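What follows is a single structure, written as C-alpha cells, with notes after it.
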Amino acid sequence: AQSVSQHNHHVILSEAASLELGCNYSYGGTVNLFWYVQYPGQHLQLLLKYFSGDPLVKGIKGFEAEFIKSKFSFNLRKPSVQWSDTAEYFCAVFFPIYNQGGKLIFGQGTELSVKP
Amino acid sequence: NAGVTQTPKFQVLKTGQSMTLQCAQDMNHEYMSWYRQDPGMGLRLIHYSVGAGITDQGEVPNGYNVSRSTTEDFPLRLLSAAPSQTSVYFCASKTGLAGNNEQFFGPGTRLTVL
C-alpha cells in the first residue's frame, strides 16, 4: 500500500537555526510531491510542489525541497528559520492509479516550534 | 472564484445522529476528495471522486458515505455519528488533467461528536 512517512514528529529550534524535515514514501513509479504548512488555527497552505524536472524545488517563504528518486525522499529545508515559521508541516505524495485518478496521501506531520 | 467551500464551519452532534458535510467547488474540477485531520495522524483520505457518478474509497472510509451527482458538489454523509468521528474535515479538488495533481483545499469543518 502507498504510504508516506515523516521522521520527526516535533522539532524545536532557535531562530536562525537551519531546518531539515525528512519525508519518505513507498512507491517506485512516478509521483507528485508536496509540502504543506498549517499555521495555528489556520487551514492548509501549499509551500512547494514537485511534478518533474529540476529535483531542487524552491517554494514560498524561503523554503526548498530536494527530490531524491533513488531514496524515495523529498526533504524540506530552510537555511534560517524565524519565529513565524512555527507551524505544522505535512509532506504529501500523489500516487497515480491507472484509470482511477489516484490518491494524495499525507505523512503524519511535523510540529515545528521556533524559539525567539 | 470562491474556490473550495465547506459548510458548516463547526458542528456538534450526539452519538447516533446523522448529518451531511457540504463541499462545493467552482473551478470545474473533475477530482474531489475528503480528508479527516487528527492530531499526530496527519490528514487521512476518506473518499474521493474522479468525476460525476464515480467515487472510490480512501484510507479510512468506514462510517462515511459519499455521492457525486454533479461536478461541483461532493457531500460527505455520516449516517450514525460516533465519538471516533470527532475530527476536522477537509474537502479538496483538482483538475482531472494528467500530471497536474495539485489539490486545492477548503477551510475545513470542525466536527465534535458527544
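Simple scheme: letters A, B, ... for chains in C-alpha cells order, numbers from 1 for residues in each chain, numbers from 1 for ligands in the order shown.
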Residue neighbourhood stretch 97-114 of chain B, 6 Å, only C-alpha atoms, exclusion window fewer than 3 positions, as an mmCIF file with C-alpha atoms, in the first residue's frame:
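Everything below was put into selection.cif:
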```cif
data_model
loop_
_atom_site.group_PDB
_atom_site.id
_atom_site.type_symbol
_atom_site.label_atom_id
_atom_site.label_comp_id
_atom_site.auth_asym_id
_atom_site.auth_seq_id
_atom_site.Cartn_x
_atom_site.Cartn_y
_atom_site.Cartn_z
ATOM 1 C CA HIS A 43 -6.048 25.770 7.170
ATOM 2 C CA VAL B 4 -13.487 25.195 -2.473
ATOM 3 C CA THR B 5 -16.176 25.996 0.074
ATOM 4 C CA LYS B 9 -17.620 25.532 9.793
ATOM 5 C CA PHE B 10 -18.459 23.945 13.147
ATOM 6 C CA GLN B 11 -20.897 21.216 14.161
ATOM 7 C CA VAL B 12 -21.699 19.348 17.354
ATOM 8 C CA LEU B 13 -23.577 16.056 17.122
ATOM 9 C CA LYS B 14 -24.778 13.455 19.562
ATOM 10 C CA THR B 15 -23.815 9.829 19.096
ATOM 11 C CA PRO B 83 -17.229 9.894 19.051
ATOM 12 C CA THR B 86 -14.701 13.825 16.083
ATOM 13 C CA SER B 87 -12.219 15.500 13.787
ATOM 14 C CA VAL B 88 -11.558 18.330 11.374
ATOM 15 C CA TYR B 89 -12.747 17.504 7.873
ATOM 16 C CA PHE B 90 -11.219 18.963 4.736
ATOM 17 C CA CYS B 91 -12.542 18.798 1.219
ATOM 18 C CA ALA B 92 -10.219 19.258 -1.753
ATOM 19 C CA SER B 93 -10.410 19.365 -5.529
ATOM 20 C CA LYS B 94 -8.101 19.314 -8.534
#
```
- Determine which residues of chain B DSSP labels as strand (DSSP E) from the backbone of this structure, then write them out as a PyMOL selection string. chain B and resi 4-7+10-13+19-25+31-38+42-51+54-57+64-66+76-78+87-94+104-105+109-113
Convert the current residue selection to file output with C-alpha atoms, as a short mmCIF file (atom, residue, chain, number, x, y, z; two decimals), in the first residue's frame.
```cif
data_model
loop_
_atom_site.label_atom_id
_atom_site.label_comp_id
_atom_site.auth_asym_id
_atom_site.auth_seq_id
_atom_site.Cartn_x
_atom_site.Cartn_y
_atom_site.Cartn_z
CA VAL B 4 -13.49 25.20 -2.47
CA THR B 5 -16.18 26.00 0.07
CA GLN B 6 -17.32 23.89 3.01
CA THR B 7 -20.33 24.17 5.28
CA PHE B 10 -18.46 23.94 13.15
CA GLN B 11 -20.90 21.22 14.16
CA VAL B 12 -21.70 19.35 17.35
CA LEU B 13 -23.58 16.06 17.12
CA MET B 19 -25.51 14.70 9.14
CA THR B 20 -24.04 15.79 5.82
CA LEU B 21 -20.95 17.90 5.40
CA GLN B 22 -21.20 20.01 2.28
CA CYS B 23 -18.40 20.70 -0.17
CA ALA B 24 -18.59 22.69 -3.37
CA GLN B 25 -16.07 23.99 -5.88
CA TYR B 31 -11.43 15.27 -8.98
CA MET B 32 -12.68 15.86 -5.44
CA SER B 33 -11.76 14.29 -2.14
CA TRP B 34 -12.46 14.25 1.59
CA TYR B 35 -9.88 14.08 4.39
CA ARG B 36 -10.02 14.00 8.14
CA GLN B 37 -7.29 15.53 10.28
CA ASP B 38 -6.48 14.16 13.71
CA GLY B 42 -1.84 13.96 9.56
CA LEU B 43 -4.64 14.06 7.03
CA ARG B 44 -6.18 10.76 6.04
CA LEU B 45 -8.14 10.23 2.85
CA ILE B 46 -11.76 9.15 3.39
CA HIS B 47 -13.26 9.03 -0.11
CA TYR B 48 -12.51 10.53 -3.47
CA SER B 49 -14.21 11.02 -6.82
CA VAL B 50 -12.74 11.32 -10.30
CA GLY B 51 -15.94 12.69 -11.79
CA ILE B 54 -17.75 7.92 -9.79
CA THR B 55 -16.50 7.53 -6.23
CA ASP B 56 -13.92 5.35 -4.53
CA GLN B 57 -12.66 4.60 -1.06
CA TYR B 64 -18.84 7.62 5.79
CA ASN B 65 -20.82 7.70 2.56
CA VAL B 66 -20.36 9.91 -0.47
CA LEU B 76 -19.90 13.60 2.90
CA ARG B 77 -22.54 11.78 4.94
CA LEU B 78 -22.26 10.39 8.45
CA SER B 87 -12.22 15.50 13.79
CA VAL B 88 -11.56 18.33 11.37
CA TYR B 89 -12.75 17.50 7.87
CA PHE B 90 -11.22 18.96 4.74
CA CYS B 91 -12.54 18.80 1.22
CA ALA B 92 -10.22 19.26 -1.75
CA SER B 93 -10.41 19.36 -5.53
CA LYS B 94 -8.10 19.31 -8.53
CA PHE B 104 -6.94 22.93 -3.55
CA PHE B 105 -8.28 22.62 -0.02
CA THR B 109 -15.35 21.69 9.14
CA ARG B 110 -14.69 21.03 12.81
CA LEU B 111 -16.99 18.23 13.98
CA THR B 112 -17.49 17.15 17.58
CA VAL B 113 -19.48 14.02 18.39
#
```
- Task: Pick out the residues sitting within 6 Å of stretch 67-80 of chain A, and hand them over as a VMD selection string; count only C-alpha atoms, and ignore anything fewer than 4 positions along from it in its own chain.
- Result: chain A and resid 16 to 25 55 63
- Task: Identify, on the basis of only C-alpha atoms, every residue whose closest approach to A:Tyr89 does not exceed 9 Å; exclude the query and any residue fewer than 4 positions from it along the same chain; express the result as a VMD selection string.
- Result: chain A and resid 21 35 to 39 109 to 112
So that I have them on file, write out the residues from the current selection with all heavy atoms, as a tab-separated table (two decimals), in the first residue's frame.
```
chain	number	residue	atom	x	y	z
A	21	LEU	N	13.47	18.77	7.38
A	21	LEU	CA	12.43	17.81	7.76
A	21	LEU	C	12.41	16.69	6.73
A	21	LEU	O	12.34	16.93	5.53
A	21	LEU	CB	11.06	18.49	7.81
A	21	LEU	CG	10.92	19.67	8.76
A	21	LEU	CD1	9.49	20.21	8.73
A	21	LEU	CD2	11.31	19.29	10.17
A	35	TRP	N	4.73	19.76	-0.15
A	35	TRP	CA	4.83	20.12	1.26
A	35	TRP	C	3.78	21.20	1.54
A	35	TRP	O	3.68	22.19	0.81
A	35	TRP	CB	6.21	20.67	1.62
A	35	TRP	CG	7.20	19.60	1.94
A	35	TRP	CD1	8.14	19.05	1.11
A	35	TRP	CD2	7.39	18.94	3.21
A	35	TRP	NE1	8.88	18.10	1.76
A	35	TRP	CE2	8.44	18.02	3.06
A	35	TRP	CE3	6.78	19.06	4.46
A	35	TRP	CZ2	8.89	17.21	4.11
A	35	TRP	CZ3	7.22	18.26	5.49
A	35	TRP	CH2	8.27	17.34	5.32
A	36	TYR	N	3.00	20.94	2.62
A	36	TYR	CA	2.00	21.91	3.06
A	36	TYR	C	2.38	22.39	4.46
A	36	TYR	O	3.02	21.68	5.23
A	36	TYR	CB	0.63	21.25	3.16
A	36	TYR	CG	-0.03	20.97	1.82
A	36	TYR	CD1	0.19	19.76	1.16
A	36	TYR	CD2	-0.89	21.89	1.23
A	36	TYR	CE1	-0.41	19.49	-0.05
A	36	TYR	CE2	-1.51	21.62	0.02
A	36	TYR	CZ	-1.26	20.42	-0.61
A	36	TYR	OH	-1.86	20.15	-1.82
A	37	VAL	N	1.92	23.60	4.78
A	37	VAL	CA	2.12	24.14	6.12
A	37	VAL	C	0.75	24.53	6.68
A	37	VAL	O	-0.15	24.97	5.94
A	37	VAL	CB	3.07	25.36	6.10
A	37	VAL	CG1	2.52	26.50	5.26
A	37	VAL	CG2	3.34	25.85	7.53
A	38	GLN	N	0.61	24.34	7.99
A	38	GLN	CA	-0.62	24.73	8.67
A	38	GLN	C	-0.24	25.54	9.90
A	38	GLN	O	0.28	24.99	10.87
A	38	GLN	CB	-1.44	23.51	9.06
A	38	GLN	CG	-2.82	23.85	9.61
A	38	GLN	CD	-3.64	22.60	9.88
A	38	GLN	OE1	-3.12	21.58	10.32
A	38	GLN	NE2	-4.94	22.66	9.61
A	39	TYR	N	-0.47	26.84	9.84
A	39	TYR	CA	-0.20	27.70	10.99
A	39	TYR	C	-1.31	27.52	12.02
A	39	TYR	O	-2.42	27.13	11.67
A	39	TYR	CB	-0.08	29.15	10.54
A	39	TYR	CG	1.07	29.37	9.59
A	39	TYR	CD1	0.86	29.49	8.22
A	39	TYR	CD2	2.38	29.43	10.07
A	39	TYR	CE1	1.92	29.65	7.34
A	39	TYR	CE2	3.44	29.59	9.20
A	39	TYR	CZ	3.21	29.69	7.84
A	39	TYR	OH	4.26	29.84	6.98
A	109	GLY	N	2.83	14.44	9.77
A	109	GLY	CA	3.03	15.83	10.15
A	109	GLY	C	4.20	16.00	11.10
A	109	GLY	O	4.52	15.10	11.89
A	110	THR	N	4.84	17.15	11.01
A	110	THR	CA	5.92	17.53	11.94
A	110	THR	C	5.58	18.89	12.52
A	110	THR	O	5.37	19.85	11.77
A	110	THR	CB	7.28	17.62	11.23
A	110	THR	OG1	7.64	16.34	10.73
A	110	THR	CG2	8.35	18.12	12.20
A	111	GLU	N	5.52	18.93	13.84
A	111	GLU	CA	5.24	20.19	14.50
A	111	GLU	C	6.56	20.91	14.75
A	111	GLU	O	7.45	20.36	15.40
A	111	GLU	CB	4.52	19.93	15.82
A	111	GLU	CG	3.98	21.20	16.48
A	111	GLU	CD	3.19	20.88	17.74
A	111	GLU	OE1	2.75	19.72	17.91
A	111	GLU	OE2	3.02	21.79	18.55
A	112	LEU	N	6.70	22.09	14.20
A	112	LEU	CA	7.92	22.88	14.36
A	112	LEU	C	7.67	24.03	15.33
A	112	LEU	O	6.73	24.81	15.14
A	112	LEU	CB	8.38	23.46	13.02
A	112	LEU	CG	9.55	24.45	13.08
A	112	LEU	CD1	10.82	23.74	13.57
A	112	LEU	CD2	9.78	25.10	11.72
```
Contacts of chain A with chain B up to 12 Å, shortest pair per row, only C-alpha atoms, as CSV:
```
residue,atom,partner,partner_atom,distance
A:Ala1,CA,B:Glu59,CA,9.9
A:Gln2,CA,B:Glu59,CA,9.8
A:Ser3,CA,B:Glu59,CA,10.2
A:Val4,CA,B:Gly42,CA,10.2
A:Ser5,CA,B:Gly42,CA,10.3
A:Gln6,CA,B:Gly42,CA,9.9
A:Asn8,CA,B:Gly40,CA,11.0
A:His9,CA,B:Gly40,CA,7.6
A:His10,CA,B:Gly40,CA,9.8
A:Thr30,CA,B:Gly99,CA,9.6
A:Val31,CA,B:Gly99,CA,9.0
A:Asn32,CA,B:Asn101,CA,6.9
A:Leu33,CA,B:Glu102,CA,9.0
A:Phe34,CA,B:Glu102,CA,8.1
A:Trp35,CA,B:Glu102,CA,10.8
A:Tyr36,CA,B:Phe105,CA,10.8
A:Val37,CA,B:Gly42,CA,11.5
A:Gln38,CA,B:Gly42,CA,10.9
A:Gly41,CA,B:Pro107,CA,10.6
A:Gln42,CA,B:Pro107,CA,8.0
A:His43,CA,B:Pro107,CA,5.6
A:Leu44,CA,B:Phe105,CA,7.0
A:Gln45,CA,B:Phe105,CA,8.4
A:Leu46,CA,B:Phe104,CA,8.8
A:Leu47,CA,B:Glu102,CA,11.6
A:Leu48,CA,B:Glu102,CA,10.1
A:Lys49,CA,B:Glu102,CA,7.9
A:Tyr50,CA,B:Glu102,CA,9.6
A:Phe51,CA,B:Gly99,CA,7.3
A:Ser52,CA,B:Gly99,CA,9.2
A:Glu88,CA,B:Gly42,CA,9.5
A:Tyr89,CA,B:Gly42,CA,9.3
A:Phe90,CA,B:Gly42,CA,7.1
A:Cys91,CA,B:Gly42,CA,9.1
A:Ala92,CA,B:Leu43,CA,9.2
A:Val93,CA,B:Asn101,CA,9.6
A:Phe94,CA,B:Asn101,CA,6.9
A:Phe95,CA,B:Asn101,CA,9.4
A:Pro96,CA,B:Gly99,CA,9.0
A:Ile97,CA,B:Ala98,CA,11.0
A:Tyr98,CA,B:Ala98,CA,10.7
A:Asn99,CA,B:Val50,CA,9.4
A:Gln100,CA,B:Val50,CA,6.9
A:Gly101,CA,B:Val50,CA,6.0
A:Gly102,CA,B:Val50,CA,8.5
A:Lys103,CA,B:Gly58,CA,7.5
A:Leu104,CA,B:Leu45,CA,7.5
A:Ile105,CA,B:Leu45,CA,6.9
A:Phe106,CA,B:Leu43,CA,5.7
A:Gly107,CA,B:Gly42,CA,5.9
A:Gln108,CA,B:Gly42,CA,4.1
A:Gly109,CA,B:Gly42,CA,5.3
A:Thr110,CA,B:Gly40,CA,8.4
A:Glu111,CA,B:Gly40,CA,9.1
```
- Message: Taking the DSSP secondary structure from the backbone, can you list the residues of stretch 61-103 of chain A that are helix (DSSP H, G or I), as a list in words?
- Response: Lys61, Gly62, Lys69, Ser70, Lys71, Trp83, Ser84 and Asp85 of chain A
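Interatomic distance, atom CA of A:His7 against atom CA of A:Ser26: 13.9 Å.
Separating atom CA of B:His29 from atom CA of B:Arg68 is a distance of 12.4 Å.
With atom CA of A:Leu13 on one side and atom CA of A:Val114 on the other, the separation reads 4.9 Å.
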